[in-house]
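Everything below belongs to entry12.txt, which stores compact mmCIF, C-alpha atoms and all ligand atoms.
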```
# COMPACT_ATOMS: atom_id res chain seq x y z
CA MET A 1 66.95 -11.94 57.36
CA THR A 2 63.73 -10.52 58.71
CA THR A 3 61.08 -13.09 59.23
CA MET A 4 57.75 -13.32 57.50
CA THR A 5 56.35 -10.36 55.67
CA THR A 6 52.98 -12.03 55.45
CA ALA A 7 50.94 -12.83 58.52
CA THR A 8 51.33 -16.58 58.06
CA THR A 9 54.00 -17.14 60.69
CA THR A 10 53.31 -20.31 62.58
CA THR A 11 55.05 -21.91 65.48
CA VAL A 12 57.10 -24.90 64.44
CA LEU A 13 58.63 -25.75 67.79
CA GLU A 14 57.32 -24.89 71.18
CA ALA A 15 59.27 -26.09 74.17
CA SER A 16 57.75 -25.09 77.47
CA GLY A 17 59.19 -25.45 80.91
CA VAL A 18 61.71 -28.06 79.83
CA THR A 19 63.74 -29.27 82.81
CA MET A 20 66.26 -32.09 82.79
CA ARG A 21 67.80 -33.39 85.98
CA PHE A 22 70.54 -35.96 86.29
CA GLY A 23 70.49 -36.99 89.93
CA GLY A 24 71.33 -33.83 91.81
CA LEU A 25 72.39 -31.90 88.72
CA THR A 26 69.84 -29.78 86.91
CA ALA A 27 71.31 -29.56 83.43
CA VAL A 28 68.33 -27.70 81.95
CA ARG A 29 65.98 -25.64 84.05
CA ALA A 30 62.49 -24.55 82.97
CA VAL A 31 63.50 -23.50 79.48
CA ASP A 32 60.88 -22.08 77.13
CA LEU A 33 61.77 -21.70 73.48
CA THR A 34 59.82 -21.28 70.29
CA VAL A 35 60.94 -21.47 66.71
CA ASN A 36 58.67 -20.15 63.97
CA THR A 37 58.49 -20.97 60.29
CA GLY A 38 61.15 -19.20 58.28
CA GLU A 39 63.37 -18.64 61.28
CA ILE A 40 66.94 -19.46 62.13
CA VAL A 41 67.29 -19.44 65.89
CA GLY A 42 70.60 -19.71 67.72
CA LEU A 43 71.25 -21.39 71.05
CA ILE A 44 74.48 -20.36 72.67
CA GLY A 45 76.12 -20.63 76.06
CA PRO A 46 79.38 -21.68 77.70
CA ASN A 47 80.50 -25.32 77.80
CA GLY A 48 78.27 -27.39 80.02
CA ALA A 49 75.42 -24.87 79.86
CA GLY A 50 72.96 -27.58 78.89
CA LYS A 51 72.59 -26.89 75.16
CA THR A 52 73.06 -30.46 73.95
CA THR A 53 70.95 -31.78 76.81
CA PHE A 54 68.18 -29.44 75.69
CA PHE A 55 68.46 -30.80 72.14
CA ASN A 56 68.28 -34.31 73.55
CA CYS A 57 65.06 -33.36 75.33
CA LEU A 58 63.62 -31.93 72.11
CA THR A 59 64.42 -35.02 70.10
CA GLY A 60 63.23 -37.67 72.51
CA LEU A 61 66.67 -38.96 73.40
CA TYR A 62 65.97 -37.86 76.94
CA VAL A 63 62.62 -37.78 78.64
CA PRO A 64 62.56 -34.36 80.24
CA THR A 65 62.02 -34.37 83.99
CA GLU A 66 59.45 -31.64 83.46
CA GLY A 67 57.97 -29.68 80.61
CA LYS A 68 56.77 -30.50 77.15
CA VAL A 69 57.79 -30.17 73.57
CA ALA A 70 55.31 -29.53 70.77
CA TYR A 71 55.93 -29.63 67.05
CA LYS A 72 53.43 -27.70 64.94
CA GLY A 73 50.94 -27.74 67.78
CA THR A 74 51.20 -31.43 68.65
CA VAL A 75 52.96 -32.55 71.80
CA LEU A 76 55.74 -34.96 70.91
CA PRO A 77 56.27 -38.31 72.56
CA ALA A 78 59.81 -38.75 73.90
CA LYS A 79 60.79 -41.32 71.28
CA PRO A 80 63.49 -40.39 68.78
CA HIS A 81 61.96 -42.18 65.78
CA LEU A 82 58.55 -40.63 66.42
CA VAL A 83 60.12 -37.20 66.71
CA THR A 84 61.89 -37.75 63.38
CA THR A 85 58.70 -38.97 61.76
CA ALA A 86 56.88 -35.91 63.10
CA GLY A 87 59.35 -33.67 61.29
CA ILE A 88 62.34 -32.82 63.47
CA ALA A 89 65.81 -33.84 62.27
CA ARG A 90 69.14 -33.23 63.92
CA THR A 91 72.88 -33.51 63.65
CA PHE A 92 75.14 -34.45 66.53
CA GLN A 93 77.92 -32.59 68.29
CA ASN A 94 80.02 -35.73 68.01
CA ILE A 95 79.45 -36.79 64.43
CA ARG A 96 77.46 -39.99 64.11
CA LEU A 97 77.83 -41.48 60.66
CA PHE A 98 78.08 -45.07 59.53
CA ALA A 99 81.82 -45.03 58.95
CA ASN A 100 81.93 -48.08 56.69
CA MET A 101 78.99 -47.07 54.54
CA THR A 102 79.33 -44.86 51.53
CA VAL A 103 78.29 -41.25 51.56
CA LEU A 104 75.19 -42.09 49.52
CA GLU A 105 74.23 -44.99 51.79
CA ASN A 106 74.42 -42.74 54.82
CA VAL A 107 71.88 -40.42 53.24
CA LEU A 108 69.66 -43.34 52.22
CA VAL A 109 69.60 -44.45 55.86
CA GLY A 110 68.26 -41.01 56.72
CA ARG A 111 65.36 -41.56 54.34
CA HIS A 112 63.98 -44.66 56.00
CA THR A 113 61.35 -42.78 58.01
CA ARG A 114 59.93 -41.48 54.75
CA THR A 115 59.94 -44.77 52.86
CA LYS A 116 56.54 -46.39 52.89
CA GLU A 117 57.52 -49.70 51.35
CA GLY A 118 57.11 -52.49 53.88
CA LEU A 119 58.98 -55.70 54.57
CA TRP A 120 57.26 -57.89 51.98
CA SER A 121 57.64 -55.33 49.31
CA ALA A 122 61.36 -55.11 50.08
CA LEU A 123 61.81 -58.89 50.17
CA LEU A 124 59.95 -59.49 46.96
CA ARG A 125 61.57 -56.50 45.32
CA GLY A 126 58.40 -55.88 43.38
CA PRO A 127 57.80 -52.90 41.11
CA GLY A 128 56.59 -50.76 44.01
CA PHE A 129 59.80 -51.34 45.89
CA LYS A 130 62.00 -50.69 42.89
CA LYS A 131 60.19 -47.46 42.14
CA ALA A 132 60.50 -46.30 45.75
CA GLU A 133 64.16 -47.28 45.78
CA ALA A 134 64.84 -45.29 42.63
CA ALA A 135 63.03 -42.27 44.05
CA SER A 136 65.01 -42.50 47.31
CA HIS A 137 68.24 -42.75 45.38
CA ALA A 138 67.38 -39.70 43.30
CA ARG A 139 66.40 -37.68 46.34
CA ALA A 140 69.58 -38.69 48.19
CA MET A 141 71.70 -37.60 45.24
CA GLU A 142 69.80 -34.32 45.10
CA LEU A 143 70.58 -33.73 48.77
CA LEU A 144 74.24 -34.59 48.30
CA ASP A 145 74.35 -32.10 45.48
CA PHE A 146 72.70 -29.53 47.73
CA VAL A 147 75.41 -29.84 50.38
CA GLY A 148 78.18 -30.12 47.77
CA LEU A 149 79.04 -33.78 48.18
CA ALA A 150 77.54 -35.40 45.07
CA HIS A 151 81.01 -36.06 43.65
CA LYS A 152 81.83 -38.15 46.73
CA ALA A 153 78.68 -40.27 46.75
CA ASP A 154 80.66 -43.51 46.46
CA HIS A 155 83.36 -42.68 49.00
CA LEU A 156 83.33 -44.33 52.39
CA SER A 157 82.16 -41.76 54.88
CA ARG A 158 85.10 -42.43 57.18
CA ASN A 159 87.44 -41.17 54.46
CA LEU A 160 85.84 -37.74 54.29
CA PRO A 161 87.59 -34.82 55.90
CA TYR A 162 85.93 -33.58 59.05
CA GLY A 163 84.15 -30.61 57.48
CA GLU A 164 82.61 -32.84 54.83
CA GLN A 165 81.45 -35.33 57.44
CA ARG A 166 79.53 -32.48 59.05
CA LYS A 167 77.93 -31.66 55.69
CA LEU A 168 77.04 -35.30 55.18
CA GLU A 169 75.32 -35.36 58.56
CA ILE A 170 73.24 -32.41 57.41
CA ALA A 171 72.32 -34.18 54.16
CA ARG A 172 71.33 -37.27 56.11
CA ALA A 173 69.19 -35.17 58.47
CA LEU A 174 67.52 -33.47 55.50
CA ALA A 175 66.73 -36.88 54.01
CA SER A 176 63.97 -37.31 56.58
CA GLU A 177 62.30 -34.26 54.99
CA PRO A 178 62.08 -32.29 58.24
CA GLY A 179 60.22 -29.10 58.98
CA LEU A 180 62.74 -28.25 61.67
CA LEU A 181 66.46 -28.96 61.64
CA LEU A 182 68.51 -28.95 64.83
CA LEU A 183 72.23 -28.45 64.35
CA ASP A 184 74.59 -29.12 67.26
CA GLU A 185 77.82 -27.25 66.54
CA PRO A 186 77.79 -27.63 62.75
CA THR A 187 81.06 -25.76 62.26
CA ALA A 188 83.13 -27.36 65.02
CA GLY A 189 86.43 -28.34 63.47
CA MET A 190 85.82 -26.41 60.25
CA ASN A 191 88.26 -23.90 58.87
CA PRO A 192 87.06 -20.31 58.27
CA GLN A 193 86.22 -20.94 54.60
CA GLU A 194 84.23 -24.03 55.42
CA THR A 195 82.45 -22.11 58.15
CA ARG A 196 81.41 -19.38 55.70
CA ALA A 197 80.15 -22.07 53.32
CA ALA A 198 78.22 -23.69 56.15
CA GLU A 199 76.59 -20.33 56.81
CA GLU A 200 75.38 -20.20 53.20
CA LEU A 201 74.15 -23.76 53.50
CA VAL A 202 72.04 -22.93 56.56
CA PHE A 203 70.52 -19.94 54.76
CA ALA A 204 69.72 -22.19 51.80
CA ILE A 205 68.06 -24.71 54.11
CA ARG A 206 65.95 -21.95 55.65
CA ASP A 207 65.03 -20.76 52.15
CA GLN A 208 63.67 -24.22 51.43
CA GLY A 209 61.12 -23.67 54.17
CA ILE A 210 62.90 -25.56 56.94
CA ALA A 211 63.18 -23.79 60.27
CA VAL A 212 66.58 -24.11 61.95
CA LEU A 213 67.70 -24.18 65.56
CA VAL A 214 71.46 -24.12 65.83
CA ILE A 215 73.94 -24.50 68.68
CA GLU A 216 77.31 -22.99 67.93
CA HIS A 217 80.30 -21.49 69.73
CA ASP A 218 81.41 -19.43 66.75
CA MET A 219 79.76 -16.13 67.55
CA ARG A 220 80.32 -14.57 64.17
CA PHE A 221 78.52 -17.50 62.60
CA ILE A 222 75.63 -17.19 65.06
CA PHE A 223 75.20 -13.45 64.84
CA ASN A 224 75.41 -13.42 61.03
CA LEU A 225 72.90 -16.16 60.70
CA CYS A 226 70.25 -15.97 63.36
CA ASP A 227 67.01 -14.05 63.49
CA ARG A 228 66.92 -14.69 67.21
CA VAL A 229 69.41 -16.01 69.74
CA ALA A 230 68.77 -17.60 73.13
CA VAL A 231 71.54 -17.78 75.69
CA LEU A 232 71.71 -20.69 78.08
CA VAL A 233 73.84 -20.40 81.20
CA GLN A 234 73.94 -23.13 83.80
CA GLY A 235 70.81 -24.66 82.36
CA GLU A 236 68.75 -21.50 82.43
CA LYS A 237 67.78 -19.18 79.63
CA LEU A 238 69.56 -15.97 80.54
CA VAL A 239 68.67 -13.78 77.57
CA GLU A 240 66.79 -14.09 74.32
CA GLY A 241 66.60 -11.58 71.51
CA THR A 242 67.91 -10.45 68.17
CA SER A 243 71.62 -10.77 67.48
CA ASP A 244 72.12 -7.07 68.24
CA VAL A 245 70.38 -7.26 71.58
CA VAL A 246 72.17 -10.41 72.69
CA GLN A 247 75.57 -9.21 71.51
CA ALA A 248 75.26 -6.05 73.54
CA ASP A 249 74.02 -7.72 76.71
CA GLU A 250 76.61 -7.45 79.46
CA ARG A 251 75.37 -10.59 81.17
CA VAL A 252 76.16 -12.58 78.06
CA ILE A 253 79.67 -11.21 77.82
CA ALA A 254 80.18 -11.91 81.51
CA ALA A 255 78.87 -15.46 81.16
CA TYR A 256 81.43 -16.17 78.45
CA LEU A 257 84.41 -14.45 79.93
CA GLY A 258 83.62 -15.33 83.51
CA THR A 259 84.81 -11.88 84.52
CA PRO A 260 81.93 -9.62 85.33
CA PHE A 261 83.79 -6.35 85.70
CA GLU A 262 82.45 -2.87 85.18
CA GLY A 263 81.65 -1.66 81.70
CA ALA A 264 82.27 -5.01 80.08
CA PRO A 265 84.81 -4.45 77.32
CA GLY A 266 84.30 -5.13 73.66
CA ALA A 267 86.38 -7.55 71.63
CA ALA A 268 88.93 -4.94 70.65
CA GLU A 269 89.64 -4.09 74.27
CA VAL A 270 90.01 -7.73 75.26
CA ALA A 271 92.44 -8.29 72.39
CA GLU A 272 94.37 -5.19 73.42
CA VAL A 273 94.75 -6.43 76.99
CA GLU A 274 95.86 -9.85 75.79
CA ALA A 275 98.43 -8.31 73.48
CA ALA A 276 99.76 -6.11 76.24
CA GLU A 277 100.07 -9.05 78.60
CA ALA A 278 101.87 -11.05 75.96
CA HIS A 279 104.26 -8.23 75.37
CA GLN A 280 104.96 -7.88 79.08
CA GLU A 281 105.72 -11.56 79.47
CA GLY A 282 107.65 -11.74 76.25
CA THR A 283 105.58 -14.72 75.20
CA THR A 284 102.48 -15.31 73.19
CA PRO A 285 99.69 -15.94 75.62
CA ASP A 286 98.17 -19.35 75.37
CA THR A 287 94.65 -18.15 74.78
CA ALA A 288 93.31 -21.63 74.26
CA ALA A 289 92.94 -23.63 77.40
CA PRO A 290 95.06 -26.79 77.44
CA ASP A 291 93.39 -30.02 76.41
CA THR A 292 93.28 -31.21 79.94
CA ALA A 293 91.60 -28.05 81.16
CA PRO A 294 88.45 -28.50 83.16
CA ARG A 295 85.14 -27.29 81.85
CA ALA A 296 84.53 -23.63 81.27
CA ALA A 297 84.59 -21.23 84.11
CA THR A 298 81.12 -19.93 84.72
CA PRO A 299 80.47 -16.74 86.60
CA ALA A 300 79.90 -18.77 89.74
CA ASP A 301 83.26 -20.46 89.29
CA THR A 302 85.07 -17.20 89.22
CA PRO A 303 84.90 -15.65 92.62
CA ASP A 304 84.85 -11.89 92.85
CA THR A 305 87.98 -12.11 94.91
CA ALA A 306 89.98 -13.57 92.05
CA PRO A 307 92.75 -11.13 91.29
CA ALA A 308 92.32 -9.43 87.95
CA ALA A 309 95.90 -10.24 87.07
CA ASP A 310 95.30 -13.95 87.47
CA PRO A 311 96.82 -15.43 84.31
CA PRO A 312 95.03 -16.77 81.25
CA PRO A 313 91.93 -18.54 82.62
CA ASP A 314 90.21 -15.18 83.16
CA THR A 315 90.42 -14.16 79.57
CA ALA A 316 90.98 -17.52 77.97
CA PRO A 317 87.94 -18.82 76.17
CA PRO A 318 86.54 -21.93 77.72
CA HIS A 319 87.94 -25.19 76.49
CA HIS A 320 85.73 -27.10 74.19
CA GLU A 321 85.62 -30.85 73.92
CA ASP A 322 85.19 -30.94 70.14
CA GLY A 323 88.33 -28.90 69.71
CA ALA A 324 86.55 -25.70 68.75
CA THR A 325 87.52 -22.73 70.80
CA PRO A 326 84.49 -20.81 71.86
CA ARG A 327 84.95 -17.06 71.92
CA ALA A 328 82.68 -14.23 72.77
CA THR A 329 83.65 -12.45 69.61
CA GLY A 330 86.28 -14.69 68.13
CA PRO A 331 86.78 -14.86 64.40
CA GLU A 332 86.69 -18.58 63.97
CA GLY A 333 86.87 -22.03 65.48
CA LYS A 334 90.10 -23.92 65.02
CA ALA A 335 90.65 -27.26 63.43
CA PRO A 336 90.78 -30.18 65.83
N1 LIG A 401 73.63 -38.19 80.46
C1 LIG A 401 74.08 -37.36 81.39
N2 LIG A 401 74.21 -37.74 82.68
C2 LIG A 401 74.66 -36.89 83.61
N3 LIG A 401 75.01 -35.62 83.38
C3 LIG A 401 74.91 -35.18 82.12
C4 LIG A 401 74.45 -36.01 81.06
N4 LIG A 401 74.45 -35.29 79.91
C5 LIG A 401 74.89 -34.08 80.24
N5 LIG A 401 75.18 -34.00 81.56
C6 LIG A 401 75.65 -32.82 82.29
O1 LIG A 401 74.74 -31.78 82.00
C7 LIG A 401 75.44 -30.54 81.87
C8 LIG A 401 75.14 -29.95 80.52
O2 LIG A 401 75.84 -30.66 79.52
P1 LIG A 401 75.64 -30.39 77.98
O3 LIG A 401 76.41 -31.41 77.25
O4 LIG A 401 74.19 -30.30 77.70
O5 LIG A 401 76.29 -28.96 77.81
P2 LIG A 401 76.54 -28.12 76.49
O6 LIG A 401 75.95 -26.78 76.72
O7 LIG A 401 76.08 -28.87 75.30
O8 LIG A 401 78.12 -27.98 76.50
P3 LIG A 401 79.18 -27.96 75.28
O9 LIG A 401 79.19 -26.56 74.76
O10 LIG A 401 80.46 -28.32 75.93
O11 LIG A 401 78.74 -28.97 74.28
C9 LIG A 401 76.90 -30.86 82.10
O12 LIG A 401 77.20 -30.59 83.43
C10 LIG A 401 76.99 -32.32 81.80
O13 LIG A 401 78.05 -32.91 82.48
MG MG A 402 77.01 -29.63 73.64
```
As structure tokens - that is how I would like this structure written.
Ligand SMILES: Nc1ncnc2c1ncn2[C@@H]1O[C@H](COP(=O)(O)OP(=O)(O)OP(=O)(O)O)[C@@H](O)[C@H]1O
Ligand SMILES: [Mg+2]
Amino acid sequence: MTTMTTATTTTVLEASGVTMRFGGLTAVRAVDLTVNTGEIVGLIGPNGAGKTTFFNCLTGLYVPTEGKVAYKGTVLPAKPHLVTTAGIARTFQNIRLFANMTVLENVLVGRHTRTKEGLWSALLRGPGFKKAEAASHARAMELLDFVGLAHKADHLSRNLPYGEQRKLEIARALASEPGLLLLDEPTAGMNPQETRAAEELVFAIRDQGIAVLVIEHDMRFIFNLCDRVAVLVQGEKLVEGTSDVVQADERVIAAYLGTPFEGAPGAAEVAEVEAAEAHQEGTTPDTAAPDTAPRAATPADTPDTAPAADPPPDTAPPHHEDGATPRATGPEGKAP
């Protein structure tokens, strides 16, 4: 999992001073982040921290209020199709597939930025077009095989189970032949087995020479996978470092739990306290926030004066809109 052994490491992505304001709200504040070749970098943070907004700034969906984004040394224009053509592909937190297209067609759509055949060629369906079409088809099937969906090439994408839709999104993103892949919560809604498989898939993508930047709430997934992890809290980069460094950082634990108390406890201690509380009340604590729960408590939301015995919200992981339950150390996300 160490990065390059040779001295050929180059910077794939360089975001500098990226700020995104929506009216009075600063969703992302002066964030610097680099991703190098051969790296898998994680981006974590509580709900509403600005992770997806940051991705949207990287991919031209938003024009950042300030800052710039460079891919392999060239500053990117804030236009999604130009960003894709340059070499950055992404998946979305809320899956965006063409529901009534087949699995294969969805991947073919992802290839359009790499297809050189023009309008006339397509209309006349000349030999050049047919050859390009055959090549695209072959490549799309190869990618489906890579993510484990070749046997479902002819299925309508809307009929795929959730976990497979996420894989299909990855195949479609890879179809643009990117040098950098951005994944926004790739395991949300996956069961633990699917999550482990997704981990292997991300390693395999990295091994193909594609750098990866991944947002995820499943901490085990992140810490297993990433060479480096950046933590975003309230739009700002709080910490960045190796998995070990980030995992041990008290500020990170506090940001997730919203309870900055002395000698921040490890996962085992938190579980112990929860179990004891459950026992006392004679009920299983509802560790997941209810569906109607407001966004995650951030440290600022949790006043110091809040009594420690205040029920669940203190220890409950923040609610997540995709149905995944983010945990500081939790074993898995849950199915939606
Ligand atoms: N288009 C928008 N207009 C106004 N506010 C927005 C917009 N997009 C995001 N926000 C706000 O920016 C903040 C960051 O949201 P964002 O979706 O980036 O968080 P996130 O870290 O991806 O959270 P989650 O883990 O829940 O996906 C939130 O307060 C959100 O409400
Ligand atoms: Mg998000």
- Message: Env of Val63 (chain A): 12 Å cut, atoms = all atoms listed in the file, seq-sep filter 6 positions within chain, self excluded. Answer as an MDAnalysis selection string.
- Response: chainID A and resid 18:22 53:57 69 76:80
- What does the distance between CA of Ala15 (chain A) and CA of Leu33 (chain A) come to in Å, to one decimal place? 5.1 Å
- To one decimal in Å, tell me the separation between CA of Gly45 (chain A) and CA of Val83 (chain A).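 Spanning CA of Gly45 (chain A) to CA of Val83 (chain A) is a straight-line distance of 24.9 Å.
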Ligand MG 402 (chain A): which residues are within 7 Å, counting all atoms listed in the file? Reply as a short mmCIF file (atom, residue, chain, number, x, y, z; two decimals) with C-alpha atoms, in the frame of the given file.
```
data_model
loop_
_atom_site.label_atom_id
_atom_site.label_comp_id
_atom_site.auth_asym_id
_atom_site.auth_seq_id
_atom_site.Cartn_x
_atom_site.Cartn_y
_atom_site.Cartn_z
CA ASN A 47 80.50 -25.32 77.80
CA GLY A 48 78.27 -27.39 80.02
CA GLY A 50 72.96 -27.58 78.89
CA LYS A 51 72.59 -26.89 75.16
CA THR A 52 73.06 -30.46 73.95
CA GLN A 93 77.92 -32.59 68.29
CA ASP A 184 74.59 -29.12 67.26
#
```
Can you report as AutoDock Vina command-line options the centre and edge lengths in Å, to one decimal, of an axis-aligned box around the listed atoms of ligand LIG 401 (chain A) padded with 4 Å on each side?
```
--center_x 77.0 --center_y -32.4 --center_z 78.9 --size_x 14.8 --size_y 19.6 --size_z 17.3
```
- If we count all atoms listed in the file, what is near Ile222 (chain A) at a cut-off of 10 Å, once residues fewer than 3 positions away on the same chain are taken out, given as a count of residues only? 18
- Message: Counting all atoms listed in the file, which residue out of A:Gln234, A:Gln247, A:Thr65, A:Thr102 sits closest to ligand LIG 401 (chain A)?
- Response: A:Gln234
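Here CA of Val103 (chain A) is placed at a distance of 19.4 Å from CA of Gly189 (chain A).
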- Which of these, A:Gly148, A:Ala173, A:Gly163, A:Asn94, has the shortest distance to Val109 (chain A) once you count all atoms listed in the file?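 The shortest atom-to-atom distance to Val109 (chain A) comes from A:Ala173.
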- Message: For a quick check of understanding, using all atoms listed in the file, which of A:Ala197, A:Leu144, A:Leu97, A:Val233 has the smallest distance to ligand LIG 401 (chain A)?
- Response: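 Using all atoms listed in the file, ligand LIG 401 (chain A) sits closest to A:Val233.
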- Message: So, with only C-alpha atoms as the atoms that count, which of A:Asn224, A:Gln280, A:Asn191, A:Asn100 lies closest to Pro161 (chain A)?
- Response: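 For Pro161 (chain A), the nearest of the candidates is A:Asn191.
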- Task: Can you work out which one of A:Ala70, A:Ala254, A:Val231, A:Val107 has the shortest atom-to-atom distance to ligand LIG 401 (chain A), counting only C-alpha atoms and all ligand atoms?
- Result: A:Val231
- Message: Given only C-alpha atoms and all ligand atoms as the basis, pick out the residue of A:Val246, A:Leu213, A:Ala49, A:Val75 nearest to ligand LIG 401 (chain A).
- Response: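 For ligand LIG 401 (chain A), the nearest of the given residues is A:Ala49.
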Close residues, Glu194 (chain A) itself excluded, 12 Å, all atoms listed in the file, min 2 positions apart in chain, as a PDB file with C-alpha atoms, keeping the file's coordinate frame:
```
ATOM      1  CA  VAL A 147      75.410 -29.840  50.380  1.00  0.00           C
ATOM      2  CA  GLY A 148      78.180 -30.120  47.770  1.00  0.00           C
ATOM      3  CA  PRO A 161      87.590 -34.820  55.900  1.00  0.00           C
ATOM      4  CA  TYR A 162      85.930 -33.580  59.050  1.00  0.00           C
ATOM      5  CA  GLY A 163      84.150 -30.610  57.480  1.00  0.00           C
ATOM      6  CA  GLU A 164      82.610 -32.840  54.830  1.00  0.00           C
ATOM      7  CA  GLN A 165      81.450 -35.330  57.440  1.00  0.00           C
ATOM      8  CA  ARG A 166      79.530 -32.480  59.050  1.00  0.00           C
ATOM      9  CA  LYS A 167      77.930 -31.660  55.690  1.00  0.00           C
ATOM     10  CA  PRO A 186      77.790 -27.630  62.750  1.00  0.00           C
ATOM     11  CA  THR A 187      81.060 -25.760  62.260  1.00  0.00           C
ATOM     12  CA  ALA A 188      83.130 -27.360  65.020  1.00  0.00           C
ATOM     13  CA  GLY A 189      86.430 -28.340  63.470  1.00  0.00           C
ATOM     14  CA  MET A 190      85.820 -26.410  60.250  1.00  0.00           C
ATOM     15  CA  ASN A 191      88.260 -23.900  58.870  1.00  0.00           C
ATOM     16  CA  PRO A 192      87.060 -20.310  58.270  1.00  0.00           C
ATOM     17  CA  ARG A 196      81.410 -19.380  55.700  1.00  0.00           C
ATOM     18  CA  ALA A 197      80.150 -22.070  53.320  1.00  0.00           C
ATOM     19  CA  ALA A 198      78.220 -23.690  56.150  1.00  0.00           C
ATOM     20  CA  GLU A 199      76.590 -20.330  56.810  1.00  0.00           C
ATOM     21  CA  GLU A 200      75.380 -20.200  53.200  1.00  0.00           C
ATOM     22  CA  LEU A 201      74.150 -23.760  53.500  1.00  0.00           C
ATOM     23  CA  PHE A 221      78.520 -17.500  62.600  1.00  0.00           C
ATOM     24  CA  GLU A 332      86.690 -18.580  63.970  1.00  0.00           C
ATOM     25  CA  GLY A 333      86.870 -22.030  65.480  1.00  0.00           C
ATOM     26  CA  LYS A 334      90.100 -23.920  65.020  1.00  0.00           C
ATOM     27  CA  ALA A 335      90.650 -27.260  63.430  1.00  0.00           C
TER      28      ALA A 335
END
```
- Selection as a PyMOL selection string: residues within 12 Å of (60.5, -44.4, 59.4), counting only C-alpha atoms: chain A and resi 80-87+108-118+175-177
